[in-house]
file target_23.txt (compact mmCIF, C-alpha atoms)
# COMPACT_ATOMS: atom_id res chain seq x y z
CA MET N 920 32.42 -13.87 -62.68
CA PRO N 921 29.27 -14.91 -60.82
CA GLN N 922 27.79 -18.23 -61.92
CA GLN N 923 24.85 -17.86 -64.29
CA PRO N 924 21.59 -19.16 -62.79
CA PHE N 925 19.90 -22.08 -64.46
CA PRO N 926 16.79 -21.21 -66.48
CA ALA N 927 13.47 -21.76 -64.79
CA PRO N 928 12.07 -25.25 -65.46
CA GLU N 929 9.07 -25.56 -67.76
CA LEU N 930 7.35 -28.32 -65.74
CA THR N 931 6.82 -27.49 -62.09
CA SER N 932 3.32 -28.68 -61.22
CA LEU N 933 2.75 -32.29 -60.17
CA ARG N 934 -0.80 -31.90 -61.45
CA SER N 935 0.09 -31.01 -65.03
CA PRO N 936 -1.33 -33.49 -67.57
CA ARG N 937 2.15 -34.54 -68.73
CA VAL N 938 3.43 -35.24 -65.24
CA THR N 939 0.24 -36.98 -64.18
CA ALA N 940 0.38 -39.25 -67.24
CA ALA N 941 4.04 -40.11 -66.60
CA ARG N 942 3.39 -40.89 -62.94
CA ARG N 943 0.62 -43.31 -63.88
CA LEU N 944 3.17 -45.41 -65.75
CA SER N 945 4.38 -46.72 -62.39
CA ARG N 946 1.39 -49.09 -62.60
CA ARG N 947 1.66 -52.19 -64.77
CA ALA N 948 -1.93 -51.96 -66.01
CA GLN N 949 -1.39 -48.39 -67.19
CA ARG N 950 1.87 -49.30 -68.90
CA GLY N 951 0.15 -52.11 -70.74
CA LYS N 952 -2.79 -49.92 -71.74
CA GLU N 953 -0.63 -47.14 -73.15
CA ARG N 954 2.31 -49.34 -74.19
CA ARG N 955 4.64 -46.83 -72.60
CA PHE N 956 7.12 -46.91 -69.72
CA VAL N 957 9.62 -44.66 -67.95
CA ALA N 958 13.38 -45.01 -68.39
CA GLU N 959 15.38 -43.32 -65.61
CA GLY N 960 18.91 -41.94 -65.67
CA PRO N 961 21.29 -40.78 -68.41
CA GLN N 962 22.46 -44.25 -69.48
CA ALA N 963 18.94 -45.58 -70.08
CA VAL N 964 17.86 -42.35 -71.79
CA ARG N 965 20.98 -42.36 -73.98
CA GLU N 966 20.31 -45.92 -75.13
CA ALA N 967 16.66 -45.12 -75.77
CA VAL N 968 17.58 -42.12 -77.94
CA ALA N 969 20.23 -44.14 -79.80
CA TYR N 970 17.71 -46.92 -80.50
CA GLY N 971 15.92 -44.66 -82.93
CA THR N 972 12.61 -45.48 -84.56
CA LEU N 973 10.36 -48.48 -84.06
CA PRO N 974 9.04 -50.54 -86.99
CA GLY N 975 5.95 -48.31 -87.18
CA GLY N 976 8.11 -45.24 -87.76
CA GLU N 977 7.69 -43.64 -84.33
CA HIS N 978 10.73 -42.88 -82.22
CA ALA N 979 11.31 -45.15 -79.22
CA VAL N 980 11.27 -42.05 -76.98
CA VAL N 981 8.05 -40.08 -76.56
CA GLU N 982 9.63 -37.20 -74.60
CA ILE N 983 12.38 -36.42 -72.10
CA TYR N 984 12.17 -34.53 -68.80
CA THR N 985 15.34 -33.10 -67.30
CA THR N 986 16.28 -30.68 -64.57
CA PRO N 987 18.21 -27.62 -65.81
CA GLU N 988 21.30 -28.88 -63.99
CA ALA N 989 21.09 -32.31 -65.66
CA ALA N 990 20.51 -30.61 -69.01
CA GLU N 991 23.91 -28.93 -68.66
CA ARG N 992 25.63 -32.17 -67.65
CA HIS N 993 24.11 -34.12 -70.52
CA ALA N 994 24.01 -31.46 -73.22
CA GLU N 995 25.28 -33.81 -75.94
CA LEU N 996 22.65 -36.43 -75.15
CA LEU N 997 19.87 -33.85 -75.29
CA ALA N 998 21.25 -32.44 -78.53
CA ASP N 999 21.00 -35.93 -80.04
CA ALA N 1000 17.42 -36.20 -78.78
CA ARG N 1001 16.43 -32.86 -80.30
CA ALA N 1002 18.12 -33.83 -83.57
CA ALA N 1003 15.86 -36.90 -83.58
CA ARG N 1004 12.88 -34.58 -82.96
CA VAL N 1005 12.28 -35.96 -79.49
CA PRO N 1006 10.68 -33.28 -77.26
CA VAL N 1007 12.88 -32.24 -74.32
CA LEU N 1008 11.31 -30.36 -71.42
CA THR N 1009 13.04 -29.00 -68.34
CA ALA N 1010 11.41 -29.92 -65.04
CA SER N 1011 11.78 -29.14 -61.38
CA ASP N 1012 13.44 -31.57 -58.98
CA GLU N 1013 10.01 -32.28 -57.48
CA VAL N 1014 8.61 -33.32 -60.85
CA ILE N 1015 11.56 -35.63 -61.59
CA GLU N 1016 11.26 -37.21 -58.12
CA ALA N 1017 7.54 -37.77 -58.67
CA VAL N 1018 8.06 -39.50 -62.01
CA CYS N 1019 11.01 -41.64 -60.89
CA GLN N 1020 10.87 -44.70 -58.64
CA THR N 1021 14.38 -44.23 -57.24
CA VAL N 1022 15.22 -42.50 -53.95
CA THR N 1023 17.91 -40.32 -55.54
CA PRO N 1024 17.02 -39.62 -59.21
CA GLN N 1025 19.75 -38.50 -61.59
CA GLY N 1026 17.75 -35.61 -62.96
CA ILE N 1027 16.73 -37.03 -66.34
CA VAL N 1028 13.98 -39.43 -67.40
CA ALA N 1029 12.32 -40.46 -70.65
CA VAL N 1030 8.82 -41.63 -71.42
CA CYS N 1031 9.37 -44.45 -73.91
CA ARG N 1032 7.30 -46.70 -76.14
CA PHE N 1033 7.26 -50.47 -75.70
CA LEU N 1034 9.81 -52.18 -77.92
CA ASP N 1035 9.34 -55.90 -77.30
CA THR N 1036 9.24 -58.12 -80.36
CA SER N 1037 7.05 -61.09 -81.19
CA PHE N 1038 8.18 -64.61 -80.41
CA GLU N 1039 7.72 -65.45 -84.09
CA GLN N 1040 10.31 -62.81 -85.00
CA VAL N 1041 12.73 -64.28 -82.47
CA LEU N 1042 12.37 -67.71 -84.10
CA ALA N 1043 12.62 -66.31 -87.64
CA ALA N 1044 16.08 -64.94 -86.82
CA ARG N 1045 17.36 -68.49 -86.15
CA PRO N 1046 18.82 -67.74 -82.72
CA ARG N 1047 21.81 -69.64 -81.37
CA LEU N 1048 21.70 -68.49 -77.75
CA VAL N 1049 18.50 -67.57 -75.91
CA ALA N 1050 17.66 -66.88 -72.27
CA VAL N 1051 14.14 -67.93 -71.28
CA LEU N 1052 12.88 -66.45 -68.01
CA ALA N 1053 10.20 -68.96 -67.13
CA HIS N 1054 9.13 -68.07 -63.59
CA VAL N 1055 11.24 -65.03 -62.67
CA ARG N 1056 9.28 -62.73 -60.38
CA ASP N 1057 11.89 -60.25 -59.12
CA PRO N 1058 12.23 -57.31 -61.54
CA GLY N 1059 15.81 -56.63 -60.48
CA ASN N 1060 16.78 -60.19 -61.37
CA ALA N 1061 14.93 -60.01 -64.68
CA GLY N 1062 16.76 -56.83 -65.66
CA THR N 1063 20.10 -58.24 -64.55
CA VAL N 1064 19.63 -61.45 -66.55
CA LEU N 1065 18.71 -59.34 -69.57
CA ARG N 1066 21.90 -57.33 -69.12
CA THR N 1067 23.91 -60.55 -68.73
CA ALA N 1068 22.37 -62.08 -71.85
CA ASP N 1069 23.31 -58.93 -73.76
CA ALA N 1070 26.90 -59.06 -72.46
CA ALA N 1071 27.20 -62.77 -73.34
CA GLY N 1072 26.09 -62.10 -76.90
CA ALA N 1073 22.74 -63.86 -76.69
CA ASP N 1074 20.44 -63.45 -79.66
CA ALA N 1075 17.23 -62.96 -77.69
CA VAL N 1076 15.50 -63.10 -74.32
CA VAL N 1077 12.05 -64.57 -73.77
CA LEU N 1078 9.91 -63.71 -70.74
CA THR N 1079 7.09 -66.17 -70.23
CA ASP N 1080 3.62 -65.21 -69.08
CA ALA N 1081 4.57 -66.39 -65.56
CA SER N 1082 7.42 -63.87 -65.26
CA VAL N 1083 7.62 -60.26 -64.14
CA ASP N 1084 6.76 -57.30 -66.38
CA LEU N 1085 9.70 -56.37 -68.61
CA TYR N 1086 8.87 -52.68 -68.19
CA ASN N 1087 8.74 -52.64 -64.41
CA PRO N 1088 10.87 -49.60 -63.41
CA LYS N 1089 13.27 -51.76 -61.40
CA ALA N 1090 13.71 -54.17 -64.30
CA VAL N 1091 14.40 -51.31 -66.70
CA ARG N 1092 17.00 -49.82 -64.34
CA ALA N 1093 18.67 -53.20 -63.74
CA SER N 1094 19.03 -53.79 -67.48
CA VAL N 1095 21.20 -50.63 -67.65
CA GLY N 1096 20.20 -50.00 -71.26
CA SER N 1097 20.48 -53.60 -72.47
CA LEU N 1098 16.73 -53.54 -73.01
CA TYR N 1099 17.56 -51.67 -76.23
CA HIS N 1100 20.26 -54.03 -77.46
CA LEU N 1101 18.63 -57.38 -78.22
CA PRO N 1102 15.18 -58.71 -79.10
CA VAL N 1103 12.91 -59.48 -76.14
CA ALA N 1104 9.63 -61.39 -76.46
CA VAL N 1105 7.16 -61.22 -73.58
CA GLY N 1106 4.09 -63.08 -72.36
CA VAL N 1107 4.95 -66.37 -74.07
CA PRO N 1108 3.63 -69.52 -72.35
CA VAL N 1109 6.60 -71.68 -71.38
CA GLU N 1110 5.27 -74.67 -73.34
CA GLN N 1111 5.03 -72.52 -76.48
CA ALA N 1112 8.49 -71.08 -75.92
CA VAL N 1113 10.07 -74.53 -75.59
CA ALA N 1114 8.16 -76.03 -78.51
CA GLY N 1115 8.95 -73.14 -80.82
CA LEU N 1116 12.65 -73.05 -79.98
CA ARG N 1117 12.99 -76.82 -80.31
CA ALA N 1118 11.28 -76.72 -83.72
CA ALA N 1119 13.84 -74.07 -84.73
CA GLY N 1120 16.65 -76.49 -83.92
CA VAL N 1121 17.53 -75.10 -80.48
CA ARG N 1122 18.49 -77.44 -77.64
CA ILE N 1123 16.59 -76.70 -74.42
CA LEU N 1124 18.53 -76.73 -71.14
CA ALA N 1125 16.75 -76.12 -67.84
CA ALA N 1126 19.05 -74.56 -65.24
CA ASP N 1127 18.10 -76.08 -61.92
CA GLY N 1128 19.82 -77.46 -58.83
CA ALA N 1129 17.88 -80.70 -59.28
CA GLY N 1130 19.71 -81.49 -62.53
CA LYS N 1131 21.40 -84.88 -62.90
CA ARG N 1132 24.05 -83.38 -65.15
CA ASP N 1133 26.19 -80.45 -64.19
CA LEU N 1134 27.63 -77.66 -66.28
CA ASP N 1135 31.15 -79.08 -66.09
CA GLN N 1136 29.92 -82.30 -67.74
CA GLU N 1137 28.26 -80.32 -70.51
CA LEU N 1138 31.49 -78.44 -71.14
CA ASP N 1139 33.67 -81.56 -70.97
CA ASP N 1140 31.39 -83.44 -73.36
CA GLY N 1141 31.36 -80.55 -75.86
CA THR N 1142 27.58 -80.40 -75.99
CA LEU N 1143 27.19 -76.63 -75.58
CA GLY N 1144 28.44 -75.60 -79.01
CA GLY N 1145 25.10 -75.85 -80.80
CA PRO N 1146 22.07 -73.54 -80.64
CA THR N 1147 20.96 -73.47 -77.00
CA ALA N 1148 18.18 -71.97 -74.91
CA TRP N 1149 18.67 -71.77 -71.15
CA VAL N 1150 15.46 -71.83 -69.11
CA PHE N 1151 15.71 -70.05 -65.75
CA GLY N 1152 13.19 -70.37 -62.94
CA ASN N 1153 11.99 -68.70 -59.81
CA GLU N 1154 14.45 -67.09 -57.40
CA ALA N 1155 13.24 -69.10 -54.41
CA TRP N 1156 12.05 -72.47 -55.71
CA GLY N 1157 13.67 -72.87 -59.09
CA LEU N 1158 11.74 -74.60 -61.86
CA PRO N 1159 8.63 -76.73 -61.29
CA GLU N 1160 8.81 -80.36 -62.35
CA SER N 1161 6.39 -79.68 -65.22
CA THR N 1162 8.81 -77.14 -66.71
CA ARG N 1163 11.90 -79.28 -66.10
CA ALA N 1164 10.15 -82.11 -67.95
CA LEU N 1165 9.94 -79.95 -71.09
CA ALA N 1166 13.74 -79.59 -71.36
CA ASP N 1167 16.18 -81.79 -73.23
CA GLU N 1168 18.42 -81.76 -70.15
CA VAL N 1169 18.22 -80.36 -66.63
CA VAL N 1170 21.63 -78.94 -65.77
CA ARG N 1171 22.91 -77.75 -62.41
CA VAL N 1172 25.74 -75.31 -61.82
CA PRO N 1173 28.29 -77.24 -59.73
CA ILE N 1174 29.05 -75.91 -56.26
CA HIS N 1175 32.73 -76.61 -55.60
CA GLY N 1176 32.85 -74.79 -52.29
CA HIS N 1177 30.49 -74.67 -49.33
CA ALA N 1178 27.87 -72.19 -50.61
CA GLU N 1179 24.31 -73.44 -50.35
CA SER N 1180 23.47 -72.15 -53.84
CA LEU N 1181 23.93 -69.34 -56.35
CA ASN N 1182 21.41 -66.59 -56.85
CA LEU N 1183 19.49 -66.53 -60.11
CA ALA N 1184 21.43 -63.77 -61.85
CA THR N 1185 24.80 -65.32 -61.01
CA ALA N 1186 23.72 -68.77 -62.17
CA ALA N 1187 22.38 -67.27 -65.40
CA ALA N 1188 25.70 -65.52 -66.00
CA VAL N 1189 27.66 -68.75 -65.52
CA CYS N 1190 25.38 -70.72 -67.87
CA LEU N 1191 25.15 -68.10 -70.62
CA TYR N 1192 28.87 -67.44 -70.68
CA ALA N 1193 29.61 -71.17 -70.79
CA SER N 1194 27.44 -71.46 -73.89
CA ALA N 1195 28.88 -68.30 -75.41
CA ARG N 1196 32.43 -69.63 -75.00
CA ALA N 1197 31.54 -73.05 -76.41
CA GLN N 1198 29.77 -71.53 -79.41
CA ARG N 1199 32.65 -69.22 -80.24
CA GLY N 1200 35.38 -71.82 -80.03
CA PRO N 1201 39.13 -71.15 -79.69
CA THR N 1202 39.15 -68.45 -82.38
CA GLY N 1203 36.53 -66.34 -80.63
CA CYS N 1204 34.12 -66.63 -83.59
CA ARG N 1205 30.83 -68.46 -83.57
CA THR N 1206 31.07 -71.83 -85.26
call {"tool": "encode", "arguments": {"input": "target_23.txt", "output": "structure tokens"}}
result
Amino acid sequence: MPQQPFPAPELTSLRSPRVTAARRLSRRAQRGKERRFVAEGPQAVREAVAYGTLPGGEHAVVEIYTTPEAAERHAELLADARAARVPVLTASDEVIEAVCQTVTPQGIVAVCRFLDTSFEQVLAARPRLVAVLAHVRDPGNAGTVLRTADAAGADAVVLTDASVDLYNPKAVRASVGSLYHLPVAVGVPVEQAVAGLRAAGVRILAADGAGKRDLDQELDDGTLGGPTAWVFGNEAWGLPESTRALADEVVRVPIHGHAESLNLATAAAVCLYASARAQRGPTGCRT
């Protein structure tokens, strides 16, 4: 039997109000004004749909655009979206390419509402493991650290006011859906972040190559088992002295081979997993 043609897409014009509005979300100022962003690809869209409603009662997803071909591939995902009363519109390849920031889009995108939480809510939950991105400027690194924090079982991530926008398209893609898995506070001055976490009983460790102590010493001394916040700095120059001075300890990741250094995301993974292991103890449960 001949293959049935896909139905004609509903959105084909790059000038339609919906498409124009979605394209504007590539700009940080517009995202902040509308408190909306674009999530690209089936994994991000699936996590956004699964997240459900925000505290105000609105769904995290405003609407979904998909090519007819992608709609067939991800029929179950779109059925879940429709069941949650999220509008789903088919779109041409040109429309999807215009809305996405990737070179080869996967045929499905969602316009989503901001879902960051307040720093006060992070503290109220009495976190035991927190990643603080103090001066992180690369969105890919920010998203990767967020994904790593999620994998390590961190309770929250804090992006200071000196760090990149959480909803930058590259950051959203690099988080691979982890954006929807744990609380994230944004725009917090680093001094406020450190003071608030310390007052909540959290030990502050600055991850920096200038540290006098190394991670092996922390592990050997058994000092990582308590509530801990790791502060991570800029990709190129680490943490400024003023930020290092705020920490209880400045800790370096030891280099046992000949590498000059570790990149930010790798160093964050090593530090967060070291704390996660220490906090869980031999039984695998948090002490």
call {"tool": "residues_near_point", "arguments": {"input": "target_23.txt", "point": "(5.4, -67.5, -64.7)", "cutoff": "12 Å", "atoms": "all atoms listed in the file", "output": "PyMOL selection string"}}
result
chain N and resi 1051-1057+1077-1084+1105-1110+1150-1154+1157-1159+1162
call {"tool": "atom_distance", "arguments": {"input": "target_23.txt", "atom1": "CA of Leu1165 in chain N", "atom2": "CA of Ala1090 in chain N"}}
result
26.9 Å
call {"tool": "closest_atom_pairs", "arguments": {"input": "target_23.txt", "of": "range 1094-1162 of chain N", "to": "range 947-963 of chain N", "cutoff": "10 Å", "atoms": "all atoms listed in the file", "output": "Markdown table"}}
result
| residue | atom | partner | partner_atom | distance |
| --- | --- | --- | --- | --- |
| N:Ser1094 | CA | N:Ala963 | CA | 8.6 |
| N:Val1095 | CA | N:Ala963 | CA | 6.0 |
| N:Gly1096 | CA | N:Ala963 | CA | 4.7 |
| N:Ser1097 | CA | N:Ala963 | CA | 8.5 |
| N:Leu1098 | CA | N:Ala963 | CA | 8.8 |
| N:Tyr1099 | CA | N:Ala963 | CA | 8.8 |
call {"tool": "closest_atom_pairs", "arguments": {"input": "target_23.txt", "of": "range 1155-1180 of chain N", "to": "range 1135-1141 of chain N", "cutoff": "10 Å", "atoms": "all atoms listed in the file", "output": "tab-separated table"}}
result
residue	atom	partner	partner_atom	distance
N:Glu1168	CA	N:Glu1137	CA	10.0
N:Val1170	CA	N:Glu1137	CA	8.3
N:Arg1171	CA	N:Asp1135	CA	9.1
N:Val1172	CA	N:Asp1135	CA	7.9
N:Pro1173	CA	N:Asp1135	CA	7.2
call {"tool": "residues_around", "arguments": {"input": "target_23.txt", "residues": "range 971-978 of chain N", "least_positions_apart": "2", "cutoff": "10 Å", "atoms": "all atoms listed in the file", "output": "list in words"}}
result
Glu966, Ala967, Val968, Ala969, Val980, Val981, Glu982, Ala1000, Ala1003, Arg1004, Val1005, Cys1031, Arg1032, Phe1033, Leu1034 and Tyr1099 of chain N
call {"tool": "closest_atom_pairs", "arguments": {"input": "target_23.txt", "of": "range 980-1002 of chain N", "to": "range 1016-1030 of chain N", "cutoff": "9 Å", "atoms": "all atoms listed in the file", "output": "tab-separated table"}}
result
residue	atom	partner	partner_atom	distance
N:Val980	CA	N:Val1030	CA	6.1
N:Val981	CA	N:Val1030	CA	5.4
N:Glu982	CA	N:Val1030	CA	5.5
N:Ile983	CA	N:Ala1029	CA	4.3
N:Tyr984	CA	N:Val1028	CA	5.4
N:Thr985	CA	N:Ile1027	CA	4.3
N:Thr986	CA	N:Gly1026	CA	5.4
N:Pro987	CA	N:Gly1026	CA	8.5
N:Glu988	CA	N:Gly1026	CA	7.7
N:Ala989	CA	N:Gly1026	CA	5.4
N:Ala990	CA	N:Ile1027	CA	7.9
N:His993	CA	N:Ile1027	CA	9.0
call {"tool": "write_last_selection", "arguments": {"input": "target_23.txt", "atoms": "C-alpha atoms", "output": "tab-separated table (two decimals), keeping the file's coordinate frame"}}
result
chain	number	residue	atom	x	y	z
N	980	VAL	CA	11.27	-42.05	-76.98
N	981	VAL	CA	8.05	-40.08	-76.56
N	982	GLU	CA	9.63	-37.20	-74.60
N	983	ILE	CA	12.38	-36.42	-72.10
N	984	TYR	CA	12.17	-34.53	-68.80
N	985	THR	CA	15.34	-33.10	-67.30
N	986	THR	CA	16.28	-30.68	-64.57
N	987	PRO	CA	18.21	-27.62	-65.81
N	988	GLU	CA	21.30	-28.88	-63.99
N	989	ALA	CA	21.09	-32.31	-65.66
N	990	ALA	CA	20.51	-30.61	-69.01
N	993	HIS	CA	24.11	-34.12	-70.52
call {"tool": "residues_near_point", "arguments": {"input": "target_23.txt", "point": "(30.1, -74.2, -77.3)", "cutoff": "8 Å", "atoms": "only C-alpha atoms", "output": "list in words"}}
result
Leu1138, Gly1141, Thr1142, Leu1143, Gly1144, Gly1145, Ala1193, Ser1194, Ala1195, Arg1196, Ala1197, Gln1198, Arg1199 and Gly1200 of chain N
call {"tool": "closest_residue", "arguments": {"input": "target_23.txt", "among": "N:Tyr1086, N:Trp1156, N:Trp1149, N:Phe1038", "to": "Ala1061 in chain N", "atoms": "all atoms listed in the file"}}
result
N:Tyr1086
call {"tool": "atom_distance", "arguments": {"input": "target_23.txt", "atom1": "CA of Thr1067 in chain N", "atom2": "CA of Ala1187 in chain N"}}
result
7.7 Å
call {"tool": "atom_distance", "arguments": {"input": "target_23.txt", "atom1": "CA of Ser932 in chain N", "atom2": "CA of Val1014 in chain N"}}
result
7.0 Å
call {"tool": "closest_residue", "arguments": {"input": "target_23.txt", "among": "N:Ala1112, N:Arg1001, N:Glu995, N:Ala1093", "to": "Arg1066 in chain N", "atoms": "only C-alpha atoms"}}
result
N:Ala1093
call {"tool": "residues_around", "arguments": {"input": "target_23.txt", "residues": "Gly1120 in chain N", "least_positions_apart": "5", "cutoff": "9 Å", "atoms": "only C-alpha atoms", "output": "ChimeraX atom specification"}}
result
/N:1045,1047,1115,1146-1147
call {"tool": "write_last_selection", "arguments": {"input": "target_23.txt", "atoms": "C-alpha atoms", "output": "PDB file, keeping the file's coordinate frame"}}
result
ATOM      1  CA  ARG N1045      17.360 -68.490 -86.150  1.00  0.00           C
ATOM      2  CA  ARG N1047      21.810 -69.640 -81.370  1.00  0.00           C
ATOM      3  CA  GLY N1115       8.950 -73.140 -80.820  1.00  0.00           C
ATOM      4  CA  PRO N1146      22.070 -73.540 -80.640  1.00  0.00           C
ATOM      5  CA  THR N1147      20.960 -73.470 -77.000  1.00  0.00           C
TER       6      THR N1147
END
call {"tool": "closest_residue", "arguments": {"input": "target_23.txt", "among": "N:Thr1063, N:Thr1009, N:Ser1161, N:Thr939", "to": "Thr1185 in chain N", "atoms": "only C-alpha atoms"}}
result
N:Thr1063
call {"tool": "closest_residue", "arguments": {"input": "target_23.txt", "among": "N:Val1076, N:Leu1065, N:Val938, N:Leu1042", "to": "Ala1114 in chain N", "atoms": "only C-alpha atoms"}}
result
N:Leu1042
call {"tool": "closest_residue", "arguments": {"input": "target_23.txt", "among": "N:Leu1101, N:Ala1071, N:Val1049, N:Leu933", "to": "Tyr970 in chain N", "atoms": "only C-alpha atoms"}}
result
N:Leu1101
call {"tool": "closest_residue", "arguments": {"input": "target_23.txt", "among": "N:Val1113, N:Val1169, N:Arg946, N:Ala1184", "to": "Asn1060 in chain N", "atoms": "all atoms listed in the file"}}
result
N:Ala1184
